[in-house]
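Asks: Below is the file coords-v7.cif, which contains mmCIF, C-alpha atoms.
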```cif
data_target
loop_
_atom_site.label_atom_id
_atom_site.label_comp_id
_atom_site.auth_asym_id
_atom_site.auth_seq_id
_atom_site.Cartn_x
_atom_site.Cartn_y
_atom_site.Cartn_z
CA MET I 1 0.00 0.00 0.00
CA LEU I 2 2.83 2.36 0.93
CA LYS I 3 4.73 1.52 -2.27
CA LYS I 4 1.61 2.23 -4.34
CA THR I 5 1.10 5.57 -2.58
CA ILE I 6 4.73 6.56 -3.13
CA LEU I 7 4.56 5.54 -6.81
CA THR I 8 1.38 7.58 -7.32
CA LEU I 9 2.99 10.60 -5.67
CA VAL I 10 6.09 10.29 -7.85
CA LYS I 11 4.00 9.93 -11.03
CA THR I 12 2.01 13.01 -10.06
CA LEU I 13 4.61 15.28 -8.51
CA LEU I 14 7.60 14.60 -10.78
CA PRO I 15 5.94 15.83 -14.02
CA LEU I 16 4.33 18.66 -12.06
CA GLY I 17 7.74 19.60 -10.68
CA ILE I 18 9.20 19.57 -14.18
CA GLY I 19 6.32 21.77 -15.32
CA VAL I 20 6.94 24.25 -12.50
CA TYR I 21 10.65 24.33 -13.37
CA LEU I 22 9.85 24.97 -17.04
CA PHE I 23 7.46 27.76 -16.06
CA TRP I 24 10.29 29.29 -14.05
CA LEU I 25 12.59 28.88 -17.07
CA PHE I 26 9.88 30.38 -19.29
CA PHE I 27 9.84 33.65 -17.31
CA SER I 28 13.45 33.76 -16.08
CA SER I 29 14.80 33.52 -19.63
CA MET I 30 13.08 36.83 -20.50
CA SER I 31 14.69 40.21 -19.87
CA GLU I 32 12.70 43.18 -18.55
CA GLU I 33 12.16 44.31 -22.14
CA HIS I 34 10.87 40.86 -23.09
CA ILE I 35 8.53 40.83 -20.08
CA ALA I 36 7.18 44.23 -21.12
CA SER I 37 6.46 43.07 -24.69
CA PHE I 38 4.99 39.84 -23.26
CA LYS I 39 2.52 41.74 -21.07
CA LYS I 40 1.69 44.19 -23.85
CA ALA I 41 0.93 41.34 -26.26
CA LEU I 42 -1.38 39.63 -23.75
CA LYS I 43 -3.20 42.91 -23.17
CA GLU I 44 -3.60 43.88 -26.83
CA ALA I 45 -4.36 40.42 -28.27
CA ASN I 46 -7.62 39.97 -30.17
CA TYR I 47 -9.22 37.15 -28.18
CA PHE I 48 -11.90 36.57 -30.81
CA TRP I 49 -9.39 34.24 -32.48
CA VAL I 50 -8.82 32.39 -29.22
CA PHE I 51 -12.55 31.77 -28.78
CA LEU I 52 -12.74 30.62 -32.41
CA ALA I 53 -9.95 28.15 -31.62
CA MET I 54 -11.98 26.92 -28.63
CA LEU I 55 -14.98 26.35 -30.92
CA LEU I 56 -12.80 24.35 -33.31
CA GLU I 57 -11.54 22.31 -30.37
CA PHE I 58 -15.09 21.50 -29.30
CA ILE I 59 -15.91 20.36 -32.86
CA SER I 60 -12.89 18.05 -32.79
CA LEU I 61 -14.02 16.65 -29.42
CA TRP I 62 -17.55 16.12 -30.72
CA SER I 63 -16.14 14.29 -33.73
CA ARG I 64 -13.83 12.16 -31.57
CA ALA I 65 -16.79 11.00 -29.47
CA VAL I 66 -18.68 10.08 -32.66
CA ARG I 67 -15.67 8.17 -34.04
CA TRP I 68 -15.37 6.11 -30.86
CA LYS I 69 -18.77 4.56 -31.64
CA TYR I 70 -17.39 2.98 -34.82
CA MET I 71 -14.78 1.11 -32.76
CA LEU I 72 -17.13 -0.12 -30.04
CA GLU I 73 -19.84 -1.41 -32.40
CA PRO I 74 -17.86 -4.34 -33.92
CA MET I 75 -17.50 -5.80 -30.41
CA GLY I 76 -21.26 -5.55 -29.89
CA TYR I 77 -21.36 -2.59 -27.50
CA GLN I 78 -23.66 0.41 -27.71
CA SER I 79 -23.22 3.69 -25.87
CA PRO I 80 -24.97 7.07 -26.23
CA TRP I 81 -22.84 9.88 -27.68
CA LYS I 82 -23.13 11.91 -24.48
CA HIS I 83 -21.74 9.04 -22.37
CA ARG I 84 -18.76 8.61 -24.70
CA TYR I 85 -18.20 12.36 -24.77
CA HIS I 86 -18.37 12.76 -20.97
CA ALA I 87 -16.05 9.77 -20.41
CA MET I 88 -13.60 11.27 -22.89
CA MET I 89 -13.63 14.72 -21.28
CA ILE I 90 -13.16 13.28 -17.77
CA GLY I 91 -10.16 11.42 -19.19
CA TYR I 92 -8.69 14.66 -20.51
CA LEU I 93 -9.29 16.26 -17.11
CA ALA I 94 -7.40 13.38 -15.46
CA ASN I 95 -4.37 14.15 -17.62
CA TYR I 96 -3.96 17.40 -15.69
CA THR I 97 -3.37 15.41 -12.50
CA ILE I 98 -1.34 12.40 -13.66
CA PRO I 99 0.22 12.27 -17.16
CA ARG I 100 -1.27 9.54 -19.37
CA ALA I 101 -3.98 8.84 -16.78
CA GLY I 102 -6.60 9.97 -19.27
CA GLU I 103 -6.81 6.73 -21.26
CA PRO I 104 -7.53 4.37 -18.33
CA THR I 105 -9.81 6.97 -16.72
CA ARG I 106 -11.80 7.28 -19.94
CA ALA I 107 -12.29 3.49 -20.14
CA ALA I 108 -13.24 3.34 -16.46
CA MET I 109 -15.84 6.09 -16.90
CA LEU I 110 -17.45 4.28 -19.83
CA PHE I 111 -17.67 1.12 -17.72
CA ARG I 112 -19.28 3.18 -14.98
CA SER I 113 -21.92 4.64 -17.29
CA ASP I 114 -22.52 1.77 -19.73
CA GLY I 115 -20.89 -1.33 -18.25
CA ILE I 116 -18.56 -1.81 -21.24
CA PRO I 117 -15.58 -3.94 -20.06
CA PHE I 118 -12.55 -1.83 -19.22
CA ALA I 119 -9.98 -3.83 -21.22
CA LYS I 120 -12.05 -3.78 -24.41
CA SER I 121 -12.87 -0.07 -24.38
CA PHE I 122 -9.27 0.64 -23.34
CA GLY I 123 -8.16 -1.32 -26.40
CA THR I 124 -10.21 0.95 -28.65
CA ILE I 125 -8.63 3.99 -26.97
CA ILE I 126 -5.13 2.58 -27.59
CA ALA I 127 -6.16 1.97 -31.20
CA GLU I 128 -7.30 5.61 -31.43
CA ARG I 129 -3.95 6.71 -30.09
CA ALA I 130 -2.22 4.60 -32.75
CA VAL I 131 -4.26 6.37 -35.44
CA ASP I 132 -3.43 9.74 -33.85
CA VAL I 133 0.28 8.89 -33.84
CA ILE I 134 0.05 8.07 -37.56
CA MET I 135 -1.73 11.37 -38.25
CA LEU I 136 0.83 13.31 -36.19
CA GLY I 137 3.53 11.48 -38.12
CA LEU I 138 2.00 12.62 -41.41
CA VAL I 139 1.81 16.24 -40.20
CA THR I 140 5.43 15.96 -38.98
CA CYS I 141 6.54 14.60 -42.36
CA LEU I 142 4.79 17.51 -44.07
CA ALA I 143 6.51 19.96 -41.71
CA MET I 144 9.90 18.34 -42.42
CA LEU I 145 9.23 18.32 -46.15
CA ILE I 146 8.51 22.03 -46.38
CA GLY I 147 10.70 23.30 -43.53
CA TYR I 148 13.42 20.77 -42.65
CA SER I 149 16.22 23.28 -42.09
CA ASP I 150 14.01 25.46 -39.89
CA LEU I 151 12.89 22.42 -37.88
CA MET I 152 16.47 21.30 -37.22
CA SER I 153 17.52 24.81 -36.19
CA ILE I 154 14.55 25.01 -33.81
CA PHE I 155 15.35 21.61 -32.27
CA ASN I 156 18.94 22.73 -31.65
CA GLU I 157 17.61 25.90 -30.00
CA ILE I 158 15.23 23.85 -27.83
CA GLU I 159 18.02 21.55 -26.64
CA HIS I 160 20.23 24.56 -25.88
CA GLN I 161 17.37 26.35 -24.07
CA LEU I 162 16.66 23.30 -21.88
CA GLY I 163 20.28 22.94 -20.90
CA GLY I 164 21.20 19.92 -23.02
CA GLY I 165 23.28 21.35 -25.82
CA ASP I 166 26.35 22.69 -24.03
CA THR I 167 26.51 19.77 -21.59
CA ALA I 168 26.46 17.12 -24.30
CA ALA I 169 28.99 19.00 -26.42
CA SER I 170 31.45 19.09 -23.52
CA GLY I 171 31.30 15.32 -23.03
CA GLY I 172 28.70 15.36 -20.24
CA VAL I 173 25.16 14.05 -20.12
CA GLY I 174 22.78 15.97 -22.35
CA LEU I 175 19.01 16.17 -22.49
CA LYS I 176 18.69 13.49 -25.18
CA GLN I 177 20.92 11.09 -23.24
CA ILE I 178 18.77 11.52 -20.11
CA ILE I 179 15.55 10.85 -22.07
CA TYR I 180 17.02 7.74 -23.72
CA GLY I 181 18.29 6.49 -20.35
CA VAL I 182 14.86 6.84 -18.72
CA ILE I 183 13.12 5.03 -21.61
CA ILE I 184 15.63 2.14 -21.58
CA SER I 185 15.32 1.80 -17.78
CA ILE I 186 11.50 1.64 -17.93
CA VAL I 187 11.58 -1.00 -20.70
CA ALA I 188 14.18 -3.07 -18.81
CA LEU I 189 12.18 -3.01 -15.56
CA GLY I 190 9.03 -3.99 -17.44
CA LEU I 191 10.74 -6.97 -19.08
CA LEU I 192 12.18 -8.15 -15.75
CA ALA I 193 8.75 -7.99 -14.11
CA TYR I 194 7.18 -9.90 -17.03
CA PHE I 195 9.69 -12.76 -17.14
CA PHE I 196 10.22 -13.26 -13.40
CA SER I 197 6.67 -12.88 -12.06
CA LYS I 198 4.10 -15.46 -13.21
CA LYS I 199 1.24 -13.49 -11.65
CA ILE I 200 2.17 -10.31 -13.49
CA ARG I 201 2.66 -12.27 -16.73
CA GLU I 202 -0.81 -13.88 -16.53
CA LYS I 203 -2.53 -10.58 -15.73
CA LEU I 204 -0.67 -8.79 -18.50
CA THR I 205 -1.48 -11.51 -21.05
CA LEU I 206 -5.19 -11.37 -20.19
CA PHE I 207 -5.15 -7.59 -20.34
CA ILE I 208 -3.36 -7.54 -23.70
CA LYS I 209 -5.99 -9.88 -25.17
CA GLY I 210 -8.68 -7.38 -24.24
CA ILE I 211 -6.67 -4.54 -25.72
CA LEU I 212 -6.12 -6.44 -28.98
CA ASN I 213 -9.88 -6.92 -29.31
CA GLY I 214 -10.21 -3.15 -29.25
CA VAL I 215 -7.30 -2.55 -31.64
CA PHE I 216 -8.66 -4.99 -34.24
CA ALA I 217 -12.05 -3.29 -33.98
CA ILE I 218 -10.61 -0.66 -36.37
CA PHE I 219 -10.51 -3.26 -39.14
CA LYS I 220 -13.98 -4.57 -38.29
CA THR I 221 -15.81 -1.25 -38.14
CA LYS I 222 -19.13 -1.24 -39.96
CA ASN I 223 -18.55 2.29 -41.21
CA PRO I 224 -14.89 2.69 -42.30
CA GLY I 225 -15.82 5.77 -44.33
CA GLY I 226 -17.27 7.48 -41.26
CA PHE I 227 -14.19 6.57 -39.23
CA ILE I 228 -11.87 8.09 -41.85
CA VAL I 229 -14.01 11.23 -42.28
CA HIS I 230 -14.12 11.89 -38.54
CA THR I 231 -10.38 11.25 -38.24
CA PHE I 232 -9.77 14.03 -40.77
CA ILE I 233 -12.32 16.33 -39.10
CA ILE I 234 -10.52 15.82 -35.77
CA TRP I 235 -7.10 16.59 -37.20
CA ILE I 236 -8.11 19.47 -39.45
CA CYS I 237 -9.78 21.14 -36.45
CA TRP I 238 -6.79 20.27 -34.25
CA VAL I 239 -4.34 21.96 -36.62
CA LEU I 240 -6.64 24.95 -37.25
CA MET I 241 -7.21 25.54 -33.52
CA PHE I 242 -3.43 25.97 -33.21
CA ILE I 243 -3.09 28.20 -36.28
CA VAL I 244 -6.07 30.51 -35.66
CA PRO I 245 -4.62 32.21 -32.50
CA PHE I 246 -1.63 33.41 -34.56
CA TYR I 247 -4.01 36.06 -35.93
CA SER I 248 -4.70 37.38 -32.43
CA LEU I 249 -1.42 39.34 -32.63
CA SER I 250 -0.58 41.49 -35.64
CA GLU I 251 3.12 40.58 -35.34
CA THR I 252 2.50 36.82 -35.52
CA SER I 253 -0.20 36.90 -38.20
CA ASN I 254 2.47 37.05 -40.92
CA ILE I 255 4.39 33.97 -39.77
CA PRO I 256 4.50 31.50 -42.71
CA PHE I 257 2.39 28.35 -42.72
CA THR I 258 5.60 26.34 -42.34
CA GLY I 259 6.30 28.01 -38.99
CA MET I 260 2.75 27.42 -37.78
CA LEU I 261 2.96 23.74 -38.74
CA ILE I 262 6.32 23.30 -37.02
CA GLY I 263 4.92 25.01 -33.92
CA PHE I 264 2.00 22.57 -33.94
CA VAL I 265 4.31 19.55 -34.17
CA VAL I 266 6.69 20.76 -31.45
CA GLY I 267 3.80 21.72 -29.15
CA SER I 268 2.05 18.37 -29.69
CA VAL I 269 5.19 16.45 -28.75
CA GLY I 270 5.80 18.68 -25.72
CA MET I 271 2.23 18.24 -24.47
CA SER I 272 3.00 14.67 -23.34
CA PHE I 273 5.95 15.60 -21.11
CA THR I 274 4.06 17.20 -18.22
CA ASN I 275 0.53 17.35 -16.79
CA GLY I 276 -1.50 18.97 -19.59
CA GLY I 277 1.66 20.48 -21.09
CA ILE I 278 2.21 22.70 -18.02
CA GLY I 279 5.32 24.80 -18.58
CA VAL I 280 6.66 22.88 -21.56
CA TYR I 281 3.94 23.73 -24.12
CA PRO I 282 4.10 27.56 -23.94
CA LEU I 283 7.90 27.35 -23.69
CA LEU I 284 8.34 25.21 -26.82
CA VAL I 285 5.73 27.03 -28.89
CA GLY I 286 7.27 30.32 -27.77
CA LEU I 287 10.69 29.19 -29.02
CA VAL I 288 9.27 28.31 -32.44
CA VAL I 289 7.37 31.60 -32.78
CA SER I 290 10.40 33.60 -31.60
CA PHE I 291 12.54 31.89 -34.24
CA TYR I 292 10.30 33.27 -37.00
CA LEU I 293 10.01 36.76 -35.47
CA GLN I 294 13.75 37.39 -35.09
CA GLY I 295 14.05 39.00 -38.53
CA GLU I 296 11.25 41.59 -38.30
CA HIS I 297 11.07 42.01 -34.51
CA PRO I 298 14.54 41.21 -33.10
CA ASP I 299 13.98 43.07 -29.82
CA ASP I 300 10.47 41.77 -29.12
CA ALA I 301 10.68 38.28 -30.66
CA LYS I 302 11.06 36.40 -27.39
CA GLY I 303 8.34 38.32 -25.54
CA LEU I 304 5.90 38.02 -28.45
CA GLY I 305 6.67 34.34 -29.01
CA ASN I 306 6.18 33.49 -25.36
CA ALA I 307 2.97 35.52 -25.26
CA LEU I 308 1.47 33.58 -28.17
CA GLY I 309 2.60 30.27 -26.67
CA MET I 310 0.89 31.23 -23.41
CA ILE I 311 -2.29 32.40 -25.19
CA ILE I 312 -2.64 29.11 -27.10
CA TRP I 313 -1.92 27.00 -24.01
CA LEU I 314 -4.26 28.95 -21.73
CA GLY I 315 -7.10 28.79 -24.26
CA ASN I 316 -6.68 25.05 -24.68
CA THR I 317 -6.33 24.40 -20.95
CA ALA I 318 -9.31 26.57 -20.00
CA ILE I 319 -11.79 24.82 -22.30
CA MET I 320 -10.50 21.32 -21.47
CA ILE I 321 -10.79 21.88 -17.71
CA LEU I 322 -14.19 23.59 -18.00
CA LEU I 323 -15.67 20.88 -20.23
CA GLY I 324 -14.05 18.17 -18.10
CA LEU I 325 -15.62 19.51 -14.91
CA ILE I 326 -19.04 19.76 -16.60
CA SER I 327 -18.74 16.16 -17.79
CA LEU I 328 -17.67 15.04 -14.33
CA ALA I 329 -20.95 16.39 -12.99
CA LEU I 330 -23.14 15.05 -15.81
CA LEU I 331 -21.85 11.52 -16.49
CA PRO I 332 -24.41 9.09 -15.02
CA LYS I 333 -23.44 6.15 -12.83
CA ASN I 334 -25.58 3.30 -14.10
CA TYR I 335 -23.26 0.42 -13.28
CA SER I 336 -20.99 -0.71 -10.47
CA THR I 337 -18.87 -3.78 -9.80
CA ASN I 338 -21.77 -5.19 -7.75
CA ASP I 339 -24.25 -5.10 -10.64
CA ASP I 340 -25.29 -8.34 -12.33
CA THR I 341 -24.35 -7.12 -15.79
CA SER I 342 -20.71 -6.91 -16.86
CA GLY I 343 -21.46 -4.93 -19.95
CA GLU I 344 -21.06 -7.95 -22.22
CA PRO I 345 -23.17 -7.77 -25.38
CA ALA I 346 -26.38 -9.74 -25.43
CA GLU I 347 -26.26 -13.14 -27.09
#
```
Here is the file; what I need is its structure written in the form of structure tokens.

Replies:
Amino acid sequence: MLKKTILTLVKTLLPLGIGVYLFWLFFSSMSEEHIASFKKALKEANYFWVFLAMLLEFISLWSRAVRWKYMLEPMGYQSPWKHRYHAMMIGYLANYTIPRAGEPTRAAMLFRSDGIPFAKSFGTIIAERAVDVIMLGLVTCLAMLIGYSDLMSIFNEIEHQLGGGDTAASGGVGLKQIIYGVIISIVALGLLAYFFSKKIREKLTLFIKGILNGVFAIFKTKNPGGFIVHTFIIWICWVLMFIVPFYSLSETSNIPFTGMLIGFVVGSVGMSFTNGGIGVYPLLVGLVVSFYLQGEHPDDAKGLGNALGMIIWLGNTAIMILLGLISLALLPKNYSTNDDTSGEPAE
């Protein structure tokens, strides 16, 4: 029990601590002149574009809840749109407490409202994530195709800004080496637990079977056209909701599409590092925007870039938390572990 409590605290507090540090870095890296231009930009921004971005985000969320139906149906499960939507939003809300907690929370909420088995709905969520990774990969490839040199320059700036560039160059441990080390350690510990614990192996095997049922539901969907259409709706809205706020500041409205696309890619990757992208998202997006403003606005580039990064992140965070809290209040509790039904489809 104590080990579980400690692990939960570490999983919650470590990313939060990183986010707090990055917020400190976000502000401490700005001079007084940068802070002044940062505040001025926040004050003079046209927030109509931010609210338009919020509307686009809601459309993408609506579409995502519709798309989920196509993956549940092949396994014989039915769920009202509002239940899927509320479960999804509560999952997003959970991501602001513990990173990556959204997926299991979303599956748990759908079991609570509709009795759909956790492992099977979780499998469909993992399958969704696989599709999203493919779509992000396509957007990333497009960004590299039209702006490879800019992207590499920005990545070098990011590594330098986060303290990895100089250390690695001098023979020490850089940011990339730390990330690779953490990933290898996690994989190694997972393999040891799998091969040396029969109980863990049996539970994991059973769980994976449930997940695979959900993953293969993509290929069994009764409406592949609808699935594809909603996937494109989700991602078109997702990209547009990032691009639209650029027009809230006159200085950033002229940034080329290449820069906007690179900012989207970098921000999307950074979002997974901390709880809801706290600290890291505005910092990374700010670095990308600043890179493109250095020519026309050399003195204000950093302040303006950070302001836009903060505007986009705050708009996204505000609507996700608001909608998540509303869903938390509205999602019905029709099932519990004591109910006779397990959510299995009728014979």

Asks: List the residues selected by the PyMOL selection byres ((chain I and resi 118) around 9) in the file shown, writing them as a PyMOL selection string.

Replies: chain I and resi 104+107-111+115-117+119-123+210

Asks: Name the closest residue to Ile236 (chain I) among the candidates I:Glu57, I:Lys40, I:Val288, I:Pro80; distances are taken between atoms, counting only C-alpha atoms.

Replies: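 Smallest distance to Ile236 (chain I) is found for I:Glu57.
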
Asks: Pick from I:Ile234, I:Ser31, I:Leu16, I:Ser250: nearest to Thr97 (chain I), with all atoms listed in the file counted?

Replies: I:Leu16

Asks: Name the residues that the PyMOL selection byres ((chain I and resi 226) around 12) picks from the file above, as a ChimeraX atom specification, using the file's chain letters and numbers.

Replies: /I:63-64,66-71,218,221-225,227-233

Asks: Given the selection you just returned, output its residues as a file containing C-alpha atoms, formatted as a PDB file, keeping the file's coordinate frame.

Replies:
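Result went into result-v6.pdb, see below:
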```pdb
ATOM      1  CA  SER I  63     -16.140  14.290 -33.730  1.00  0.00           C
ATOM      2  CA  ARG I  64     -13.830  12.160 -31.570  1.00  0.00           C
ATOM      3  CA  VAL I  66     -18.680  10.080 -32.660  1.00  0.00           C
ATOM      4  CA  ARG I  67     -15.670   8.170 -34.040  1.00  0.00           C
ATOM      5  CA  TRP I  68     -15.370   6.110 -30.860  1.00  0.00           C
ATOM      6  CA  LYS I  69     -18.770   4.560 -31.640  1.00  0.00           C
ATOM      7  CA  TYR I  70     -17.390   2.980 -34.820  1.00  0.00           C
ATOM      8  CA  MET I  71     -14.780   1.110 -32.760  1.00  0.00           C
ATOM      9  CA  ILE I 218     -10.610  -0.660 -36.370  1.00  0.00           C
ATOM     10  CA  THR I 221     -15.810  -1.250 -38.140  1.00  0.00           C
ATOM     11  CA  LYS I 222     -19.130  -1.240 -39.960  1.00  0.00           C
ATOM     12  CA  ASN I 223     -18.550   2.290 -41.210  1.00  0.00           C
ATOM     13  CA  PRO I 224     -14.890   2.690 -42.300  1.00  0.00           C
ATOM     14  CA  GLY I 225     -15.820   5.770 -44.330  1.00  0.00           C
ATOM     15  CA  PHE I 227     -14.190   6.570 -39.230  1.00  0.00           C
ATOM     16  CA  ILE I 228     -11.870   8.090 -41.850  1.00  0.00           C
ATOM     17  CA  VAL I 229     -14.010  11.230 -42.280  1.00  0.00           C
ATOM     18  CA  HIS I 230     -14.120  11.890 -38.540  1.00  0.00           C
ATOM     19  CA  THR I 231     -10.380  11.250 -38.240  1.00  0.00           C
ATOM     20  CA  PHE I 232      -9.770  14.030 -40.770  1.00  0.00           C
ATOM     21  CA  ILE I 233     -12.320  16.330 -39.100  1.00  0.00           C
TER      22      ILE I 233
END
```

Asks: For Tyr281 (chain I), work out the shell of residues within 6 Å, counting only C-alpha atoms and skipping chain neighbours fewer than 5 positions away, then give it as a CSV table (one decimal) with C-alpha atoms, keeping the file's coordinate frame.

Replies:
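part24.csv written:
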```csv
chain,number,residue,atom,x,y,z
I,267,GLY,CA,3.8,21.7,-29.2
I,270,GLY,CA,5.8,18.7,-25.7
I,271,MET,CA,2.2,18.2,-24.5
```
